[in-house]
file data-v4.txt (compact mmCIF, C-alpha atoms and all ligand atoms)
# COMPACT_ATOMS: atom_id res chain seq x y z
CA MET A 171 41.54 54.24 -5.93
CA THR A 172 44.41 55.63 -7.99
CA LYS A 173 46.60 53.40 -10.15
CA LYS A 174 49.55 54.36 -7.98
CA ARG A 175 47.99 52.49 -5.04
CA LEU A 176 47.28 49.27 -6.87
CA ALA A 177 50.87 48.12 -6.78
CA PRO A 178 51.26 48.30 -3.01
CA LEU A 179 47.97 46.47 -2.64
CA LYS A 180 49.42 43.51 -4.50
CA PHE A 181 52.52 43.59 -2.34
CA LEU A 182 50.37 43.76 0.76
CA ALA A 183 48.50 40.70 -0.37
CA ALA A 184 51.86 38.98 -0.54
CA GLY A 185 52.26 39.77 3.14
CA LEU A 186 54.64 42.71 3.07
CA ALA A 187 54.18 45.67 5.35
CA SER A 188 53.37 48.92 3.61
CA SER A 189 56.30 50.69 5.28
CA LEU A 190 58.67 48.30 3.48
CA ILE A 191 57.17 49.27 0.15
CA TRP A 192 57.22 52.99 0.75
CA PRO A 193 60.22 53.71 2.96
CA GLY A 194 59.46 56.72 5.11
CA ASN A 195 55.85 56.57 3.99
CA THR A 196 54.47 55.11 7.21
CA MET A 197 51.20 55.37 9.04
CA ALA A 198 50.68 59.12 9.19
CA HIS A 199 51.13 59.39 5.44
CA ASP A 200 49.49 56.19 4.32
CA LYS A 201 46.19 57.59 3.19
CA ALA A 202 42.88 56.02 2.40
CA GLU A 203 42.73 57.12 -1.23
CA SER A 204 39.05 56.42 -1.76
CA LEU A 205 36.12 54.63 -0.16
CA GLU A 206 37.10 51.53 -2.16
CA ASP A 207 40.53 51.71 -0.55
CA LEU A 208 39.04 52.03 2.97
CA PRO A 209 39.36 48.40 4.18
CA ARG A 210 43.04 48.29 3.13
CA ALA A 211 43.80 51.65 4.70
CA ILE A 212 42.21 50.61 8.01
CA GLN A 213 44.23 47.37 8.05
CA VAL A 214 47.44 49.35 7.49
CA ASP A 215 46.41 51.84 10.19
CA TYR A 216 45.81 48.88 12.52
CA GLU A 217 49.30 47.46 12.02
CA ASP A 218 51.01 50.83 12.20
CA ARG A 219 49.18 52.64 14.91
CA LEU A 220 45.98 51.13 16.31
CA GLU A 221 47.32 47.90 17.79
CA SER A 222 49.77 49.73 20.02
CA LEU A 223 47.24 52.45 20.86
CA TYR A 224 44.74 49.75 21.85
CA GLU A 225 47.29 47.98 24.04
CA TYR A 226 48.21 51.28 25.67
CA PHE A 227 44.55 52.08 26.43
CA HIS A 228 43.90 48.53 27.64
CA ALA A 229 46.86 48.63 30.02
CA ASN A 230 45.88 52.07 31.34
CA PRO A 231 42.16 52.03 32.12
CA GLU A 232 40.60 54.77 34.22
CA LEU A 233 37.41 54.98 36.25
CA SER A 234 34.33 57.03 35.41
CA PHE A 235 34.94 60.81 35.46
CA VAL A 236 38.64 60.41 36.31
CA GLU A 237 39.72 59.42 32.76
CA SER A 238 42.22 62.29 32.59
CA LYS A 239 45.17 60.44 31.03
CA THR A 240 42.94 58.74 28.45
CA ALA A 241 41.27 62.05 27.59
CA ALA A 242 44.63 63.82 27.24
CA ARG A 243 45.96 61.10 24.94
CA MET A 244 42.80 61.16 22.82
CA ALA A 245 42.96 64.96 22.57
CA GLU A 246 46.61 64.83 21.51
CA GLU A 247 45.96 62.17 18.85
CA LEU A 248 42.91 64.01 17.49
CA ARG A 249 44.80 67.31 17.34
CA SER A 250 47.61 65.65 15.42
CA LEU A 251 45.00 64.49 12.88
CA GLY A 252 43.97 68.10 12.25
CA TYR A 253 40.84 68.33 14.42
CA LYS A 254 39.88 71.35 16.51
CA VAL A 255 39.85 69.84 19.98
CA THR A 256 38.18 71.02 23.21
CA GLU A 257 38.93 69.22 26.46
CA GLY A 258 37.08 69.17 29.77
CA VAL A 259 33.55 69.00 28.36
CA GLY A 260 31.26 67.48 31.01
CA GLY A 261 34.21 66.62 33.24
CA THR A 262 36.82 64.74 31.24
CA GLY A 263 34.98 64.66 27.89
CA VAL A 264 36.71 65.62 24.65
CA VAL A 265 35.07 67.17 21.57
CA ALA A 266 36.89 67.22 18.23
CA VAL A 267 35.48 69.11 15.25
CA LEU A 268 36.39 68.89 11.57
CA LYS A 269 34.69 71.41 9.29
CA ASN A 270 34.59 70.42 5.66
CA GLY A 271 32.30 72.80 3.78
CA ASP A 272 28.52 72.95 3.69
CA GLY A 273 26.35 70.04 4.67
CA PRO A 274 24.91 68.25 7.68
CA THR A 275 26.61 67.81 11.04
CA ILE A 276 27.35 64.27 12.10
CA MET A 277 28.56 63.11 15.48
CA MET A 278 30.53 59.95 16.25
CA ARG A 279 30.67 58.89 19.87
CA ALA A 280 33.05 56.63 21.81
CA ASP A 281 32.91 56.10 25.59
CA MET A 282 36.22 55.78 27.41
CA ASP A 283 35.78 54.64 31.02
CA GLY A 284 36.94 51.39 32.62
CA LEU A 285 35.47 49.51 35.57
CA PRO A 286 36.44 48.75 39.18
CA VAL A 287 37.43 45.16 38.31
CA LYS A 288 40.78 43.40 38.86
CA GLU A 289 41.84 42.00 35.50
CA LYS A 290 42.46 38.26 35.34
CA THR A 291 42.91 37.70 31.60
CA GLY A 292 46.64 37.00 31.83
CA LEU A 293 47.17 39.02 28.63
CA PRO A 294 50.59 40.65 28.13
CA HIS A 295 48.91 44.07 28.13
CA ALA A 296 46.62 43.27 31.09
CA SER A 297 45.92 46.17 33.41
CA LYS A 298 47.72 46.44 36.75
CA VAL A 299 46.20 49.84 37.44
CA VAL A 300 44.86 50.81 40.84
CA GLN A 301 43.12 54.17 40.92
CA LYS A 302 41.07 56.38 43.20
CA ASP A 303 37.55 57.00 41.97
CA ARG A 304 36.03 60.48 42.07
CA ASN A 305 34.99 59.89 45.69
CA GLY A 306 38.55 59.01 46.75
CA ASN A 307 38.03 55.25 47.09
CA GLU A 308 40.76 53.09 45.59
CA PHE A 309 39.99 50.23 43.17
CA PRO A 310 41.82 48.00 40.73
CA VAL A 311 40.72 49.12 37.26
CA MET A 312 40.10 47.18 34.06
CA HIS A 313 38.69 47.88 30.62
CA ALA A 314 36.16 45.12 31.27
CA CYS A 315 33.51 46.41 28.86
CA GLY A 316 35.64 47.12 25.78
CA HIS A 317 35.53 50.91 25.78
CA ASP A 318 39.25 50.79 24.82
CA ILE A 319 38.06 49.25 21.51
CA HIS A 320 35.66 52.17 21.02
CA ILE A 321 38.22 54.95 21.51
CA THR A 322 40.86 53.21 19.40
CA SER A 323 38.31 52.83 16.63
CA LEU A 324 37.34 56.50 16.97
CA LEU A 325 40.96 57.46 16.29
CA SER A 326 40.97 55.37 13.14
CA SER A 327 37.63 56.82 12.05
CA ALA A 328 39.08 60.30 12.65
CA LYS A 329 42.00 59.54 10.34
CA MET A 330 39.87 57.93 7.63
CA MET A 331 37.36 60.80 7.61
CA GLN A 332 40.25 63.26 7.27
CA ASP A 333 41.75 61.18 4.42
CA LEU A 334 38.40 60.90 2.64
CA LYS A 335 37.43 64.58 2.85
CA ASP A 336 36.68 64.60 -0.89
CA ASP A 337 33.92 62.04 -0.32
CA TRP A 338 31.84 64.14 2.07
CA SER A 339 30.91 67.67 2.91
CA GLY A 340 29.65 69.08 6.21
CA THR A 341 30.84 69.11 9.81
CA LEU A 342 32.10 66.09 11.70
CA VAL A 343 32.01 66.13 15.51
CA LEU A 344 33.78 63.37 17.42
CA ILE A 345 33.12 62.94 21.12
CA VAL A 346 35.14 60.99 23.66
CA GLN A 347 32.61 60.48 26.41
CA PRO A 348 33.39 59.88 30.08
CA ALA A 349 31.47 57.85 32.66
CA GLU A 350 29.21 55.62 30.58
CA GLU A 351 29.45 52.91 33.24
CA ILE A 352 27.72 55.08 35.79
CA ILE A 353 25.25 56.36 33.16
CA ALA A 354 26.32 59.95 33.71
CA GLY A 355 28.82 61.04 31.06
CA ALA A 356 26.56 61.69 28.07
CA LYS A 357 24.23 63.80 30.18
CA ALA A 358 27.21 65.64 31.73
CA MET A 359 28.49 66.54 28.25
CA ILE A 360 25.03 67.72 27.15
CA ASP A 361 24.62 69.77 30.34
CA ASP A 362 28.04 71.33 29.63
CA GLY A 363 26.90 72.60 26.23
CA LEU A 364 27.63 69.71 23.85
CA PHE A 365 24.72 70.79 21.65
CA THR A 366 25.12 74.56 22.11
CA ARG A 367 28.86 75.30 22.30
CA PHE A 368 29.63 72.96 19.39
CA PRO A 369 27.87 72.36 16.07
CA LYS A 370 24.66 70.51 16.86
CA PRO A 371 24.48 67.17 15.05
CA ASP A 372 21.71 66.12 12.71
CA TYR A 373 22.77 62.52 13.29
CA VAL A 374 24.78 60.67 15.94
CA ILE A 375 26.29 57.21 15.47
CA GLY A 376 28.24 54.89 17.74
CA PHE A 377 28.82 51.23 18.49
CA HIS A 378 29.54 48.82 21.31
CA VAL A 379 31.87 45.86 20.93
CA TRP A 380 30.08 42.69 21.98
CA ALA A 381 31.81 39.65 23.45
CA ASN A 382 28.98 37.26 22.56
CA LEU A 383 28.94 38.11 18.86
CA ALA A 384 31.27 36.52 16.30
CA PRO A 385 34.32 38.63 15.39
CA GLY A 386 33.58 41.33 12.83
CA LYS A 387 29.82 40.74 12.76
CA ILE A 388 27.53 43.76 12.95
CA VAL A 389 24.05 44.02 14.41
CA LEU A 390 22.14 47.16 13.44
CA GLU A 391 18.37 47.38 13.91
CA SER A 392 15.82 50.15 14.13
CA GLY A 393 13.63 50.68 17.18
CA THR A 394 14.60 49.96 20.75
CA VAL A 395 18.07 48.42 20.93
CA MET A 396 18.81 49.05 24.59
CA SER A 397 16.40 49.40 27.49
CA SER A 398 15.74 52.21 29.90
CA SER A 399 17.33 51.85 33.30
CA ASP A 400 16.33 53.39 36.61
CA SER A 401 17.75 52.83 40.06
CA VAL A 402 15.30 53.09 42.94
CA TYR A 403 16.16 53.07 46.65
CA ILE A 404 13.50 52.26 49.23
CA THR A 405 13.98 52.82 52.94
CA LEU A 406 11.44 50.96 55.06
CA LYS A 407 10.90 52.14 58.57
CA GLY A 408 9.55 49.88 61.25
CA ILE A 409 9.57 49.78 65.01
CA GLY A 410 12.38 47.79 66.59
CA ALA A 411 11.53 45.11 69.15
CA HIS A 412 12.73 41.86 70.70
CA GLY A 413 12.55 38.99 68.25
CA ALA A 414 10.41 37.07 70.75
CA SER A 415 7.88 39.92 71.02
CA PRO A 416 7.06 40.82 67.41
CA HIS A 417 3.66 42.25 68.40
CA GLN A 418 5.47 45.14 70.09
CA GLY A 419 7.12 46.34 66.91
CA ILE A 420 6.63 46.70 63.18
CA ASP A 421 8.95 44.33 61.34
CA PRO A 422 10.59 45.99 58.32
CA ILE A 423 12.06 42.64 57.16
CA VAL A 424 8.62 41.06 56.79
CA LEU A 425 7.38 44.28 55.18
CA GLY A 426 10.36 44.30 52.80
CA SER A 427 9.83 40.64 51.91
CA SER A 428 6.18 41.32 51.02
CA ILE A 429 7.16 44.32 48.94
CA VAL A 430 9.78 42.29 47.02
CA MET A 431 7.15 39.71 46.10
CA ASN A 432 4.37 42.22 45.39
CA LEU A 433 6.62 44.24 43.08
CA GLN A 434 6.85 41.24 40.76
CA THR A 435 3.11 41.44 40.14
CA ILE A 436 3.51 44.83 38.46
CA ILE A 437 5.22 43.20 35.48
CA THR A 438 2.97 40.14 35.35
CA ARG A 439 -0.37 41.88 35.99
CA ASN A 440 -0.04 45.49 34.79
CA VAL A 441 2.21 45.31 31.72
CA ALA A 442 1.08 43.83 28.40
CA PRO A 443 2.50 40.29 28.02
CA LEU A 444 4.54 41.03 24.89
CA ASN A 445 5.99 44.23 26.31
CA PRO A 446 9.22 43.59 28.21
CA GLY A 447 9.97 44.92 31.68
CA ILE A 448 12.12 44.02 34.66
CA ILE A 449 12.01 44.98 38.31
CA THR A 450 14.98 43.43 40.09
CA VAL A 451 15.61 43.95 43.78
CA GLY A 452 19.37 43.64 43.86
CA THR A 453 20.03 44.66 47.46
CA PHE A 454 18.12 44.06 50.69
CA HIS A 455 19.90 45.15 53.86
CA ALA A 456 18.49 44.92 57.35
CA GLY A 457 19.22 43.83 60.86
CA THR A 458 22.15 43.07 63.15
CA LYS A 459 21.20 40.01 65.21
CA ASN A 460 18.88 37.01 65.05
CA ASN A 461 16.69 38.01 67.97
CA ILE A 462 16.29 41.70 67.22
CA ILE A 463 13.56 43.10 65.00
CA PRO A 464 15.38 46.03 63.34
CA HIS A 465 13.87 49.48 62.94
CA GLU A 466 14.85 49.80 59.28
CA ALA A 467 15.41 47.89 56.02
CA LYS A 468 16.79 49.16 52.74
CA LEU A 469 16.07 47.87 49.23
CA GLY A 470 17.93 48.72 46.02
CA LEU A 471 16.16 48.16 42.69
CA THR A 472 16.99 48.28 39.02
CA VAL A 473 14.06 48.86 36.68
CA ARG A 474 14.20 48.18 32.91
CA SER A 475 11.75 48.78 30.10
CA ASP A 476 11.74 49.43 26.35
CA ASP A 477 9.45 52.43 26.01
CA PRO A 478 8.68 55.57 28.01
CA ALA A 479 5.04 54.64 28.77
CA THR A 480 5.97 51.26 30.27
CA ARG A 481 8.78 52.86 32.19
CA GLN A 482 6.37 55.33 33.83
CA LYS A 483 3.94 52.51 34.59
CA LEU A 484 6.68 50.55 36.40
CA LEU A 485 7.91 53.54 38.40
CA ASP A 486 4.36 54.52 39.41
CA GLY A 487 3.66 50.87 40.28
CA ILE A 488 6.67 50.71 42.60
CA VAL A 489 5.37 53.70 44.58
CA ARG A 490 1.83 52.31 44.71
CA VAL A 491 2.82 48.78 45.75
CA THR A 492 5.39 49.93 48.31
CA ASN A 493 3.10 52.41 50.06
CA ASN A 494 0.05 50.20 50.03
CA THR A 495 1.90 47.10 51.23
CA ALA A 496 3.14 49.21 54.14
CA LYS A 497 -0.40 50.39 54.86
CA ALA A 498 -1.72 46.82 54.70
CA MET A 499 0.83 45.84 57.34
CA GLY A 500 -0.30 48.64 59.65
CA VAL A 501 2.63 51.02 59.21
CA PRO A 502 1.50 54.43 60.54
CA ASP A 503 1.53 57.50 58.27
CA GLU A 504 4.61 58.99 59.94
CA LEU A 505 6.62 55.84 59.18
CA MET A 506 5.65 55.43 55.52
CA PRO A 507 8.50 54.23 53.25
CA GLU A 508 10.89 56.73 51.68
CA ILE A 509 11.27 56.10 47.93
CA GLU A 510 14.15 57.70 46.11
CA PHE A 511 14.67 57.69 42.33
CA ALA A 512 18.39 57.98 41.55
CA PRO A 513 19.41 60.74 39.15
CA ASN A 514 21.51 58.37 36.99
CA LYS A 515 18.54 57.11 35.01
CA THR A 516 18.73 56.22 31.34
CA PRO A 517 16.02 56.47 28.71
CA PRO A 518 15.67 53.58 26.24
CA THR A 519 18.06 53.67 23.26
CA ILE A 520 15.70 53.92 20.29
CA ASN A 521 17.34 53.85 16.86
CA ASP A 522 15.74 56.14 14.29
CA VAL A 523 14.25 54.14 11.40
CA ASN A 524 15.44 56.49 8.64
CA THR A 525 18.98 56.78 10.04
CA VAL A 526 19.24 53.00 10.32
CA ASN A 527 18.00 52.59 6.75
CA ILE A 528 20.68 54.94 5.42
CA VAL A 529 23.51 53.34 7.40
CA ARG A 530 22.24 49.81 6.78
CA GLY A 531 21.98 50.55 3.08
CA THR A 532 25.69 51.29 2.74
CA LEU A 533 26.66 48.39 5.02
CA GLU A 534 24.54 45.95 3.01
CA LYS A 535 26.18 47.16 -0.18
CA ASN A 536 29.77 47.22 1.06
CA MET A 537 29.97 44.99 4.14
CA GLY A 538 27.06 42.65 3.54
CA ASP A 539 28.83 39.59 4.90
CA HIS A 540 29.36 41.34 8.23
CA LEU A 541 25.68 42.06 8.87
CA VAL A 542 23.71 39.59 10.95
CA ARG A 543 20.35 39.67 12.67
CA ILE A 544 20.07 38.32 16.18
CA GLU A 545 17.34 38.59 18.74
CA ARG A 546 17.97 40.72 21.79
CA THR A 547 18.47 38.51 24.80
CA GLY A 548 18.73 40.99 27.65
CA MET A 549 17.75 44.44 28.80
CA GLY A 550 21.06 46.26 29.08
CA ALA A 551 21.06 50.06 29.10
CA GLU A 552 23.42 52.62 27.58
CA ASP A 553 23.67 56.36 28.06
CA PHE A 554 24.12 56.85 24.29
CA ALA A 555 20.32 57.16 24.62
CA TYR A 556 20.71 60.71 25.97
CA LEU A 557 22.39 61.85 22.76
CA MET A 558 19.37 60.90 20.63
CA ALA A 559 16.53 61.28 23.14
CA PRO A 560 13.45 62.86 21.48
CA GLU A 561 14.00 66.23 23.23
CA THR A 562 17.45 66.65 21.61
CA GLY A 563 16.04 66.48 18.06
CA VAL A 564 19.10 64.42 17.07
CA LYS A 565 18.49 61.23 15.08
CA GLY A 566 20.77 58.33 15.73
CA ALA A 567 21.87 54.76 15.18
CA TYR A 568 23.72 52.61 17.69
CA PHE A 569 25.00 49.20 16.69
CA SER A 570 26.99 46.22 17.97
CA VAL A 571 30.24 44.82 16.59
CA GLY A 572 31.37 41.32 17.47
CA GLY A 573 34.69 40.51 19.09
CA SER A 574 34.14 37.05 20.57
CA VAL A 575 37.29 35.16 21.56
CA MET A 576 35.42 31.84 21.53
CA GLU A 577 34.10 29.93 18.56
CA ASP A 578 30.99 29.20 20.60
CA VAL A 579 30.18 32.85 21.24
CA SER A 580 27.95 32.02 24.21
CA ARG A 581 31.07 30.85 26.08
CA SER A 582 32.90 34.18 25.80
CA PRO A 583 33.66 35.75 29.18
CA SER A 584 30.95 38.23 30.00
CA HIS A 585 31.26 42.01 29.89
CA HIS A 586 32.26 43.39 33.33
CA SER A 587 33.93 40.10 34.36
CA PRO A 588 37.65 39.89 35.31
CA GLU A 589 38.18 37.52 32.34
CA PHE A 590 36.44 39.80 29.82
CA ASN A 591 38.35 39.71 26.56
CA VAL A 592 37.54 40.55 22.95
CA LEU A 593 39.58 40.28 19.78
CA PRO A 594 40.79 43.82 19.10
CA LYS A 595 41.63 43.57 15.41
CA PRO A 596 38.31 42.46 13.89
CA SER A 597 36.29 44.62 16.26
CA ILE A 598 38.35 47.80 15.73
CA THR A 599 38.70 47.44 11.95
CA THR A 600 35.05 46.48 11.41
CA GLY A 601 33.80 49.13 13.83
CA THR A 602 35.86 51.78 12.06
CA GLU A 603 34.78 50.77 8.58
CA ALA A 604 31.11 50.72 9.58
CA MET A 605 31.34 54.11 11.33
CA VAL A 606 33.11 55.74 8.38
CA ARG A 607 30.81 54.26 5.74
CA GLY A 608 27.77 55.12 7.86
CA ALA A 609 28.88 58.72 8.39
CA ILE A 610 29.70 59.26 4.71
CA ALA A 611 26.32 57.84 3.67
CA LEU A 612 24.59 60.22 6.11
CA PHE A 613 26.64 63.19 4.84
CA ASN A 614 25.61 62.38 1.28
CA GLU A 615 21.95 61.85 2.06
ZN ZN B 1 29.77 48.23 30.63
ZN ZN B 2 30.13 49.33 27.78

call {"tool": "encode", "arguments": {"input": "data-v4.txt", "output": "structure tokens"}}
result
Amino acid sequence: MTKKRLAPLKFLAAGLASSLIWPGNTMAHDKAESLEDLPRAIQVDYEDRLESLYEYFHANPELSFVESKTAARMAEELRSLGYKVTEGVGGTGVVAVLKNGDGPTIMMRADMDGLPVKEKTGLPHASKVVQKDRNGNEFPVMHACGHDIHITSLLSSAKMMQDLKDDWSGTLVLIVQPAEEIIAGAKAMIDDGLFTRFPKPDYVIGFHVWANLAPGKIVLESGTVMSSSDSVYITLKGIGAHGASPHQGIDPIVLGSSIVMNLQTIITRNVAPLNPGIITVGTFHAGTKNNIIPHEAKLGLTVRSDDPATRQKLLDGIVRVTNNTAKAMGVPDELMPEIEFAPNKTPPTINDVNTVNIVRGTLEKNMGDHLVRIERTGMGAEDFAYLMAPETGVKGAYFSVGGSVMEDVSRSPSHHSPEFNVLPKPSITTGTEAMVRGAIALFNE
């Protein structure tokens, strides 16, 4: 930090806005002078620019793969910060590159899509948006997962990395990713040449704001941090009959009920007890009337696991149990169940040990009071996993930043709910500082 900047720091501490101290020297010019100056610079950026950007994004959410206004705004902001910006990568994705001499390539990722949820937070900047999804169906839209926090923070990281160019050398790639909520955007960007048309990263980092974590707290661990997720659809075919003459048909509801119960034995009997896994049957549709045995039933499953071997065991188990339960109930070969694995599957998000050690090292040194350790309590999935899947050769670290609006964090409204709400300031400023410090530590490794 230069001597010149010490004076305004004192004034800031007295509660004055930086623009009052340096007339005409507002946000775009107020630079982070050094890594030491980073927390102050981010706070000033928040007051000057980020708060209103966040409120704009929050009030204008867009659904997966139709985030065109958000993408255009992000592209414009990133261009104005001196990045080389490419739009339309993997649909609505944006890639921004800043070359700064020799060195590694590091990617920062933020996802930008909202959800088909009608906002009920009552906030002044609550969304009133209704939008058609990519299939033409209209929904109310809300940033009910906090992706508006992620993109706002990415803009601050972009500014800070530009300001602190003397502290690192290499290539920085920022991506604004579409369609995380349907687990499709990261893969779409990769399929559209994210790793071939642009500098391929050695490391990728990103974070998710978390409503059930205290404001400004950071959780960063190595190993599996998010689970794999697969959707499976099973169509059971039977033979329709009168409900009073079941012997004349094959009842797909009874078959489906047996399959639902038998599927649960895969986890309890085939998977090691300390190895987590979930098979949830979330939909079961069949029938039209009490006294008709229908000819068909449909099941929809979500399958979660923490490692590729368990994942394969669960998927194989679903096929085995479904087909053999049908056989046991006398379903003929020509009516065997149809099992479909949806393409929007996600591998587990596995943080690289070395990458985590480097990022954690700088966070412990500079933001030690933010770091906390908490046990995972669920098996959520995240398509960030695609960016650092083993076949990409990219190492990565994905972490959580707290934004709870409640003192008792367990009472915060859940992600994806109409009341979802996080505190923007601590989550954006902490997320930005952690991303910038992490990236600079990786550049200097
Ligand atoms: Zn979500
Ligand atoms: Zn999310």

call {"tool": "residues_near_ligand", "arguments": {"input": "data-v4.txt", "ligand": "ligand ZN 2 (chain B)", "cutoff": "7 Å", "atoms": "all atoms listed in the file", "output": "MDAnalysis selection string"}}
result
chainID A and resid 315:317 350:351 378

call {"tool": "residues_near_ligand", "arguments": {"input": "data-v4.txt", "ligand": "ligand ZN 1 (chain B)", "cutoff": "10 Å", "atoms": "only C-alpha atoms and all ligand atoms", "output": "JSON, numbers by chain"}}
result
{"A": [281, 283, 284, 285, 313, 314, 315, 316, 317, 349, 350, 351, 352, 353, 378, 550, 551, 552, 585, 586, 587]}

call {"tool": "write_last_selection", "arguments": {"input": "data-v4.txt", "atoms": "C-alpha atoms", "output": "mmCIF file, keeping the file's coordinate frame"}}
result
data_model
loop_
_atom_site.group_PDB
_atom_site.id
_atom_site.type_symbol
_atom_site.label_atom_id
_atom_site.label_comp_id
_atom_site.auth_asym_id
_atom_site.auth_seq_id
_atom_site.Cartn_x
_atom_site.Cartn_y
_atom_site.Cartn_z
ATOM 1 C CA ASP A 281 32.910 56.100 25.590
ATOM 2 C CA ASP A 283 35.780 54.640 31.020
ATOM 3 C CA GLY A 284 36.940 51.390 32.620
ATOM 4 C CA LEU A 285 35.470 49.510 35.570
ATOM 5 C CA HIS A 313 38.690 47.880 30.620
ATOM 6 C CA ALA A 314 36.160 45.120 31.270
ATOM 7 C CA CYS A 315 33.510 46.410 28.860
ATOM 8 C CA GLY A 316 35.640 47.120 25.780
ATOM 9 C CA HIS A 317 35.530 50.910 25.780
ATOM 10 C CA ALA A 349 31.470 57.850 32.660
ATOM 11 C CA GLU A 350 29.210 55.620 30.580
ATOM 12 C CA GLU A 351 29.450 52.910 33.240
ATOM 13 C CA ILE A 352 27.720 55.080 35.790
ATOM 14 C CA ILE A 353 25.250 56.360 33.160
ATOM 15 C CA HIS A 378 29.540 48.820 21.310
ATOM 16 C CA GLY A 550 21.060 46.260 29.080
ATOM 17 C CA ALA A 551 21.060 50.060 29.100
ATOM 18 C CA GLU A 552 23.420 52.620 27.580
ATOM 19 C CA HIS A 585 31.260 42.010 29.890
ATOM 20 C CA HIS A 586 32.260 43.390 33.330
ATOM 21 C CA SER A 587 33.930 40.100 34.360
#

call {"tool": "closest_residue", "arguments": {"input": "data-v4.txt", "among": "A:Met499, A:Met244, A:Ile610, A:Met396", "to": "Ile520 (chain A)", "atoms": "all atoms listed in the file"}}
result
A:Met396

call {"tool": "residues_near_point", "arguments": {"input": "data-v4.txt", "point": "(8.2, 40.7, 54.9)", "cutoff": "12 Å", "atoms": "only C-alpha atoms", "output": "ChimeraX atom specification"}}
result
/A:406,408,420-432,454,456,463,467,492,495-496,498-499

call {"tool": "closest_residue", "arguments": {"input": "data-v4.txt", "among": "A:Ala211, A:Met312, A:Met506, A:Val299", "to": "Pro588 (chain A)", "atoms": "all atoms listed in the file"}}
result
A:Met312

call {"tool": "closest_residue", "arguments": {"input": "data-v4.txt", "among": "A:Gly487, A:Gly500, A:Gly452, A:Gly376", "to": "Leu471 (chain A)", "atoms": "only C-alpha atoms"}}
result
A:Gly452

call {"tool": "residues_near_point", "arguments": {"input": "data-v4.txt", "point": "(43.0, 65.4, 37.4)", "cutoff": "12 Å", "atoms": "all atoms listed in the file", "output": "short mmCIF file (atom, residue, chain, number, x, y, z; two decimals) with C-alpha atoms, in the coordinates of the input"}}
result
data_model
loop_
_atom_site.label_atom_id
_atom_site.label_comp_id
_atom_site.auth_asym_id
_atom_site.auth_seq_id
_atom_site.Cartn_x
_atom_site.Cartn_y
_atom_site.Cartn_z
CA GLU A 232 40.60 54.77 34.22
CA LEU A 233 37.41 54.98 36.25
CA PHE A 235 34.94 60.81 35.46
CA VAL A 236 38.64 60.41 36.31
CA GLU A 237 39.72 59.42 32.76
CA SER A 238 42.22 62.29 32.59
CA LYS A 239 45.17 60.44 31.03
CA THR A 240 42.94 58.74 28.45
CA ALA A 241 41.27 62.05 27.59
CA ALA A 242 44.63 63.82 27.24
CA GLY A 258 37.08 69.17 29.77
CA GLY A 261 34.21 66.62 33.24
CA THR A 262 36.82 64.74 31.24
CA GLN A 301 43.12 54.17 40.92
CA LYS A 302 41.07 56.38 43.20
CA ASP A 303 37.55 57.00 41.97
CA ARG A 304 36.03 60.48 42.07
#

call {"tool": "atom_distance", "arguments": {"input": "data-v4.txt", "atom1": "CA of Lys335 (chain A)", "atom2": "CA of Val259 (chain A)"}}
result
26.2 Å

call {"tool": "atom_distance", "arguments": {"input": "data-v4.txt", "atom1": "CA of Asn536 (chain A)", "atom2": "CA of Ile598 (chain A)"}}
result
17.0 Å

call {"tool": "residues_around", "arguments": {"input": "data-v4.txt", "residues": "Met278 (chain A)", "least_positions_apart": "4", "cutoff": "12 Å", "atoms": "all atoms listed in the file", "output": "ChimeraX atom specification"}}
result
/A:264-268,320-321,323-328,331,341-347,371-377,554,557,566-568,601-602,604-610,612

call {"tool": "closest_residue", "arguments": {"input": "data-v4.txt", "among": "A:Arg530, A:Arg581, A:Lys497, A:His412", "to": "Gly457 (chain A)", "atoms": "only C-alpha atoms"}}
result
A:His412

call {"tool": "atom_distance", "arguments": {"input": "data-v4.txt", "atom1": "CA of Pro416 (chain A)", "atom2": "CA of Val491 (chain A)"}}
result
23.5 Å

call {"tool": "residues_around", "arguments": {"input": "data-v4.txt", "residues": "Ser570 (chain A)", "least_positions_apart": "6", "cutoff": "8 Å", "atoms": "all atoms listed in the file", "output": "list in words"}}
result
Phe377, His378, Val379, Trp380, Ile388, Val389 and Leu390 of chain A

call {"tool": "closest_residue", "arguments": {"input": "data-v4.txt", "among": "A:Gln482, A:Asn514, A:Thr600, A:Asn460", "to": "Ala414 (chain A)", "atoms": "only C-alpha atoms"}}
result
A:Asn460

call {"tool": "closest_residue", "arguments": {"input": "data-v4.txt", "among": "A:Lys329, A:Glu391, A:Asp522, A:Ile319", "to": "Ser250 (chain A)", "atoms": "all atoms listed in the file"}}
result
A:Lys329
